[in-house]
>>> print(open('coords23.csv').read())   # CSV, C-alpha atoms
chain,number,residue,atom,x,y,z
A,1,SER,CA,-38.5,146.0,158.7
A,2,SER,CA,-37.6,142.3,158.6
A,3,ILE,CA,-40.8,141.4,160.2
A,4,ALA,CA,-44.0,140.4,158.4
A,5,THR,CA,-47.1,142.6,158.8
A,6,ARG,CA,-50.8,141.9,158.6
A,7,GLU,CA,-53.7,144.3,158.4
A,8,LYS,CA,-56.7,143.5,160.6
A,9,ASN,CA,-58.8,142.4,157.6
A,10,GLY,CA,-56.0,140.3,156.1
A,11,ARG,CA,-54.8,138.3,159.1
A,12,PRO,CA,-54.1,134.6,158.7
A,13,SER,CA,-57.0,132.5,160.1
A,14,LEU,CA,-54.9,131.5,163.2
A,15,LEU,CA,-54.7,135.1,164.2
A,16,LYS,CA,-58.3,135.9,163.3
A,17,ASN,CA,-59.8,132.9,165.1
A,18,ASP,CA,-57.5,132.5,168.2
A,19,TRP,CA,-55.8,135.7,169.0
A,20,ALA,CA,-57.5,138.7,167.5
A,21,GLY,CA,-60.2,139.2,170.1
A,22,VAL,CA,-57.9,138.6,173.0
A,23,ALA,CA,-54.8,140.5,171.9
A,24,ASP,CA,-56.8,143.7,171.1
A,25,VAL,CA,-58.1,144.0,174.7
A,26,PRO,CA,-55.8,144.6,177.7
A,27,CYS,CA,-56.1,141.9,180.3
A,28,THR,CA,-54.9,141.5,183.9
A,29,ASP,CA,-55.3,137.7,184.0
A,30,PRO,CA,-51.9,136.2,185.1
A,31,VAL,CA,-51.9,133.9,182.0
A,32,LEU,CA,-53.3,136.2,179.4
A,33,SER,CA,-51.0,139.1,180.5
A,34,HIS,CA,-48.2,137.1,178.9
A,35,TYR,CA,-49.9,135.3,176.1
A,36,PRO,CA,-52.6,136.6,173.8
A,37,SER,CA,-54.8,133.5,173.6
A,38,LEU,CA,-56.9,131.2,175.7
A,39,VAL,CA,-55.1,128.2,174.1
A,40,LEU,CA,-51.5,127.8,175.2
A,41,PRO,CA,-48.8,126.0,173.1
A,42,SER,CA,-48.8,123.2,175.7
A,43,ASN,CA,-49.8,122.7,179.4
A,44,GLU,CA,-46.8,120.8,180.6
A,45,ASN,CA,-45.4,122.0,183.9
A,46,LEU,CA,-46.6,125.6,183.6
A,47,VAL,CA,-44.8,128.3,185.8
A,48,SER,CA,-45.8,131.9,185.9
A,49,CYS,CA,-44.3,135.1,187.3
A,50,HIS,CA,-44.5,138.9,186.8
A,51,SER,CA,-42.2,138.7,183.7
A,52,TYR,CA,-43.3,135.7,181.8
A,53,LEU,CA,-45.2,132.4,181.5
A,54,ALA,CA,-43.3,129.2,180.7
A,55,SER,CA,-43.6,125.5,180.2
A,56,VAL,CA,-40.7,123.6,181.8
A,57,ASN,CA,-39.3,120.3,180.5
A,58,LEU,CA,-38.3,118.5,183.6
A,59,LYS,CA,-36.2,115.9,181.7
A,60,ASN,CA,-34.2,118.5,179.8
A,61,ARG,CA,-34.1,121.0,182.6
A,62,ILE,CA,-34.9,123.9,180.2
A,63,PRO,CA,-38.1,125.6,179.1
A,64,ASN,CA,-40.3,124.1,176.3
A,65,TRP,CA,-41.4,127.7,175.6
A,66,VAL,CA,-41.5,131.1,177.3
A,67,ALA,CA,-44.2,133.6,176.6
A,68,GLU,CA,-43.9,137.3,177.6
A,69,LYS,CA,-45.5,140.6,176.9
A,70,LEU,CA,-43.3,143.7,176.3
A,71,THR,CA,-44.5,147.2,176.7
A,72,TYR,CA,-42.8,150.6,176.4
A,73,ALA,CA,-42.8,150.8,180.2
A,74,SER,CA,-41.3,147.4,180.7
A,75,VAL,CA,-38.3,148.0,178.4
A,76,ASN,CA,-37.6,151.5,179.8
A,77,GLY,CA,-37.9,150.9,183.5
A,78,PRO,CA,-35.3,151.6,186.3
A,79,ALA,CA,-34.2,148.0,187.0
A,80,ASP,CA,-30.4,147.4,187.1
A,81,ARG,CA,-29.0,144.2,185.5
A,82,ALA,CA,-25.9,144.4,187.7
A,83,LYS,CA,-28.2,143.7,190.7
A,84,SER,CA,-29.5,140.4,189.2
A,85,SER,CA,-27.9,137.0,189.2
A,86,PHE,CA,-28.6,133.5,187.9
A,87,ARG,CA,-30.1,131.2,190.4
A,88,VAL,CA,-31.9,127.9,190.7
A,89,ASP,CA,-35.6,128.3,189.7
A,90,PRO,CA,-37.6,128.2,193.0
A,91,ARG,CA,-40.7,127.1,191.1
A,92,VAL,CA,-39.2,123.9,189.8
A,93,PRO,CA,-38.6,120.8,192.1
A,94,ARG,CA,-35.0,120.8,193.1
A,95,PHE,CA,-34.4,117.3,191.6
A,96,PHE,CA,-35.4,118.6,188.1
A,97,THR,CA,-33.9,122.0,188.0
A,98,ALA,CA,-30.6,123.1,186.3
A,99,THR,CA,-27.9,124.7,188.4
A,100,ASN,CA,-25.1,127.2,187.8
A,101,GLU,CA,-22.7,124.3,188.2
A,102,ASP,CA,-24.2,122.6,185.1
A,103,TYR,CA,-23.1,125.5,183.0
A,104,ARG,CA,-19.7,126.1,184.5
A,105,GLY,CA,-17.0,125.1,182.0
A,106,SER,CA,-19.5,123.9,179.4
A,107,GLY,CA,-18.6,126.5,176.8
A,108,TYR,CA,-22.3,127.6,176.6
A,109,SER,CA,-23.8,130.8,178.0
A,110,ARG,CA,-26.9,130.9,180.1
A,111,GLY,CA,-29.3,132.2,177.4
A,112,HIS,CA,-32.4,134.1,178.3
A,113,MET,CA,-35.6,133.3,176.4
A,114,ALA,CA,-37.5,136.3,178.1
A,115,ALA,CA,-34.7,138.9,177.9
A,116,ALA,CA,-33.7,140.7,181.0
A,117,GLY,CA,-33.7,144.0,179.1
A,118,ALA,CA,-37.3,143.6,178.2
A,119,HIS,CA,-38.4,143.5,181.9
A,120,LYS,CA,-36.9,146.5,183.5
A,121,ASP,CA,-40.2,147.9,185.0
A,122,THR,CA,-39.2,146.6,188.5
A,123,GLN,CA,-36.1,144.9,189.9
A,124,GLU,CA,-38.1,141.9,190.8
A,125,ALA,CA,-39.3,141.5,187.2
A,126,MET,CA,-35.8,141.5,185.9
A,127,ASP,CA,-34.5,139.2,188.6
A,128,GLN,CA,-37.1,136.6,187.6
A,129,THR,CA,-35.7,136.4,184.1
A,130,PHE,CA,-32.5,134.9,185.6
A,131,TRP,CA,-34.2,131.8,187.0
A,132,LEU,CA,-32.7,128.7,185.6
A,133,SER,CA,-34.9,126.0,183.9
A,134,GLY,CA,-37.9,128.3,183.7
A,135,ASN,CA,-36.3,130.9,181.4
A,136,ILE,CA,-32.7,129.8,180.7
A,137,LEU,CA,-31.1,127.3,178.4
A,138,PRO,CA,-27.6,126.5,177.1
A,139,GLN,CA,-26.9,129.0,174.2
A,140,GLU,CA,-23.9,129.2,172.1
A,141,MET,CA,-22.1,132.4,173.2
A,142,SER,CA,-21.7,134.2,169.8
A,143,ASN,CA,-25.3,133.4,169.0
A,144,ASN,CA,-26.5,134.8,172.3
A,145,GLY,CA,-24.5,138.0,171.8
A,146,SER,CA,-25.2,138.6,168.1
A,147,ASP,CA,-28.0,137.2,166.0
A,148,TRP,CA,-30.3,136.3,168.9
A,149,LEU,CA,-29.6,139.7,170.4
A,150,ARG,CA,-30.9,141.3,167.2
A,151,LEU,CA,-34.2,139.6,167.6
A,152,GLU,CA,-34.4,140.8,171.2
A,153,HIS,CA,-33.7,144.4,170.1
A,154,LEU,CA,-36.3,144.1,167.4
A,155,SER,CA,-39.0,143.1,169.8
A,156,ARG,CA,-38.1,145.9,172.2
A,157,HIS,CA,-38.0,148.4,169.4
A,158,LEU,CA,-41.5,147.5,168.4
A,159,THR,CA,-42.8,148.8,171.8
A,160,ARG,CA,-42.2,152.3,170.4
A,161,TYR,CA,-44.9,151.7,167.9
A,162,TYR,CA,-47.3,149.2,169.6
A,163,GLU,CA,-48.8,149.1,173.0
A,164,ASP,CA,-48.4,145.3,173.4
A,165,VAL,CA,-45.6,143.1,171.9
A,166,TYR,CA,-46.0,139.4,172.6
A,167,CYS,CA,-43.1,137.0,172.2
A,168,VAL,CA,-42.9,133.2,172.5
A,169,SER,CA,-39.4,131.8,172.5
A,170,GLY,CA,-37.8,128.4,173.1
A,171,PRO,CA,-35.6,125.5,172.0
A,172,LEU,CA,-35.9,123.2,169.0
A,173,PHE,CA,-34.4,119.8,168.5
A,174,LEU,CA,-34.3,119.4,164.7
A,175,PRO,CA,-33.0,116.4,162.7
A,176,GLN,CA,-29.7,116.6,161.0
A,177,PRO,CA,-28.5,114.9,157.8
A,178,SER,CA,-26.9,111.5,158.4
A,179,ILE,CA,-24.1,109.6,156.6
A,180,ARG,CA,-26.8,107.1,155.6
A,181,PRO,CA,-29.4,109.0,153.7
A,182,PRO,CA,-32.4,109.2,153.6
A,183,LYS,CA,-32.1,108.5,157.4
A,184,ARG,CA,-31.9,111.5,159.7
A,185,PHE,CA,-31.3,111.7,163.4
A,186,VAL,CA,-32.0,114.1,166.2
A,187,ARG,CA,-28.8,114.4,168.3
A,188,HIS,CA,-28.0,117.0,170.9
A,189,GLU,CA,-25.4,117.7,173.5
A,190,VAL,CA,-26.0,117.8,177.3
A,191,VAL,CA,-24.0,119.7,179.8
A,192,GLY,CA,-23.3,119.3,183.5
A,193,GLU,CA,-24.1,116.6,186.0
A,194,GLY,CA,-27.8,117.4,185.5
A,195,HIS,CA,-27.5,116.6,181.7
A,196,VAL,CA,-29.1,119.9,180.7
A,197,ALA,CA,-30.1,119.6,177.1
A,198,VAL,CA,-28.5,121.9,174.5
A,199,PRO,CA,-31.0,122.6,171.7
A,200,THR,CA,-29.9,122.5,168.1
A,201,HIS,CA,-32.0,125.5,167.2
A,202,LEU,CA,-34.0,128.4,168.8
A,203,PHE,CA,-37.3,129.9,167.8
A,204,LYS,CA,-38.9,133.3,168.5
A,205,ILE,CA,-42.4,134.4,167.5
A,206,ILE,CA,-43.2,138.1,167.7
A,207,MET,CA,-46.6,139.6,167.5
A,208,ALA,CA,-47.2,143.4,168.0
A,209,VAL,CA,-50.8,144.7,168.4
A,210,ARG,CA,-52.6,147.9,169.3
A,211,PRO,CA,-50.6,150.6,167.4
A,212,ARG,CA,-49.7,153.4,169.6
A,213,ASP,CA,-51.0,156.1,167.2
A,214,ALA,CA,-54.5,154.5,167.6
A,215,VAL,CA,-54.1,154.4,171.3
A,216,MET,CA,-53.0,158.1,171.2
A,217,GLU,CA,-56.3,159.0,169.3
A,218,GLU,CA,-58.3,157.2,172.0
A,219,GLU,CA,-56.5,159.0,174.8
A,220,SER,CA,-56.7,162.3,173.0
A,221,SER,CA,-60.4,162.1,172.9
A,222,SER,CA,-60.4,161.6,176.7
A,223,GLY,CA,-58.0,164.6,177.2
A,224,ASN,CA,-54.7,162.7,177.5
A,225,THR,CA,-52.5,163.6,174.6
A,226,ALA,CA,-49.0,163.3,175.9
A,227,ARG,CA,-48.5,159.6,175.4
A,228,GLY,CA,-47.6,158.4,171.9
A,229,GLN,CA,-47.7,161.9,170.4
A,230,HIS,CA,-44.5,161.3,168.4
A,231,GLN,CA,-46.4,158.7,166.3
A,232,GLN,CA,-49.0,161.0,164.9
A,233,GLY,CA,-49.3,160.8,161.1
A,234,THR,CA,-47.5,157.6,160.6
A,235,ASP,CA,-49.0,154.6,158.9
A,236,ILE,CA,-48.6,151.7,161.3
A,237,PRO,CA,-50.0,148.3,160.4
A,238,ALA,CA,-52.7,147.0,162.8
A,239,VAL,CA,-50.6,143.8,163.5
A,240,CYS,CA,-46.9,143.2,163.1
A,241,PHE,CA,-46.0,139.5,163.1
A,242,GLY,CA,-43.0,137.3,162.4
A,243,VAL,CA,-41.6,133.8,163.2
A,244,PHE,CA,-37.8,133.2,163.4
A,245,VAL,CA,-35.7,130.0,163.6
A,246,MET,CA,-31.9,130.0,163.9
A,247,PRO,CA,-29.2,127.5,164.7
A,248,ASN,CA,-27.9,127.4,168.2
A,249,GLY,CA,-24.3,127.8,167.0
A,250,PRO,CA,-21.8,130.3,165.6
A,251,LEU,CA,-22.7,132.0,162.3
A,252,TYR,CA,-19.6,133.2,160.5
A,253,ASP,CA,-21.2,135.5,158.0
A,254,ASP,CA,-23.2,138.7,158.5
A,255,ARG,CA,-26.8,137.7,158.5
A,256,HIS,CA,-29.9,139.8,158.4
A,257,PRO,CA,-32.8,138.8,160.8
A,258,LYS,CA,-35.0,138.3,157.7
A,259,ASP,CA,-32.7,135.4,156.8
A,260,PHE,CA,-34.0,133.5,159.8
A,261,GLN,CA,-37.7,134.2,159.1
A,262,VAL,CA,-40.0,131.3,158.4
A,263,PRO,CA,-43.7,130.8,157.8
A,264,LEU,CA,-46.0,130.0,160.7
>>> encode(input="coords23.csv", output="structure tokens")
Amino acid sequence: SSIATREKNGRPSLLKNDWAGVADVPCTDPVLSHYPSLVLPSNENLVSCHSYLASVNLKNRIPNWVAEKLTYASVNGPADRAKSSFRVDPRVPRFFTATNEDYRGSGYSRGHMAAAGAHKDTQEAMDQTFWLSGNILPQEMSNNGSDWLRLEHLSRHLTRYYEDVYCVSGPLFLPQPSIRPPKRFVRHEVVGEGHVAVPTHLFKIIMAVRPRDAVMEEESSSGNTARGQHQQGTDIPAVCFGVFVMPNGPLYDDRHPKDFQVPL
């Protein structure tokens, strides 16, 4: 696998101090259900729904970050993507939200941070992933349909082995080399009348916890053995963790997801 793994006794201090005790215990709190820590990346303009928790940048009209929890049930539900459509985010003040008109003719796709295919447990959950500003940003089309899609598939695939897969995704605005080194500048495009910001890069953090074989053993002792039975005998790390950063642009060579992996 291209994703880094950590045993429970060998987790980095960030995982041990901030996430371990929360991520290992199921929680129904509306915030913790999407993010495995009491400390969020930021508290700017938080919006929450069944599918994800997000921080919205009102100036850029895109999310700062989007946190979600994937489960085997959420990625294998009955929801139909054909019944969903992109719409103005009802949680964001109308003056600050992106619209479909902003994207029309821009050359960019409306890129999901919390993927629609990860929230198929109900139609409402999938529909919420199509809300602009809270979960959508301008994404280069080939990136959206190729390299980024691989990371989405990886996170969904992990639900076969882990009870809870947490993802945090969002935009980055990184400095580029200038013609007057050592100076560097942050420049980015905007689209539409709303000047929706186009990020230079995208990031995704994936953390999978509670291996399903361990859960199977717990349920087996209580008399429920059907769930997770196919994982019996496999050696699954206690935590699977990876951080990825990729350019928001076309990549003309065949890249492995590991090529985009960076240290936390």
>>> closest_residue(input="coords23.csv", among="A:Leu40, A:Ala208, A:Val191, A:Leu251", to="A:Leu137", atoms="only C-alpha atoms")
A:Val191
>>> closest_residue(input="coords23.csv", among="A:Thr159, A:Gln128, A:Asn64, A:Asn76", to="A:Ser51", atoms="all atoms listed in the file")
A:Gln128
>>> residues_around(input="coords23.csv", residues="A:Asp164", least_positions_apart="2", cutoff="7 Å", atoms="only C-alpha atoms", output="list of chain:residue names")
A:Lys69, A:Leu70, A:Thr71, A:Thr159, A:Tyr162, A:Tyr166, A:Ala208, A:Val209, A:Arg210
>>> closest_residue(input="coords23.csv", among="A:Arg180, A:Arg94, A:His119, A:Phe241", to="A:Gln261", atoms="only C-alpha atoms")
A:Phe241
>>> closest_residue(input="coords23.csv", among="A:Ser55, A:Ser42, A:Thr200, A:Asn100", to="A:Phe86", atoms="all atoms listed in the file")
A:Asn100
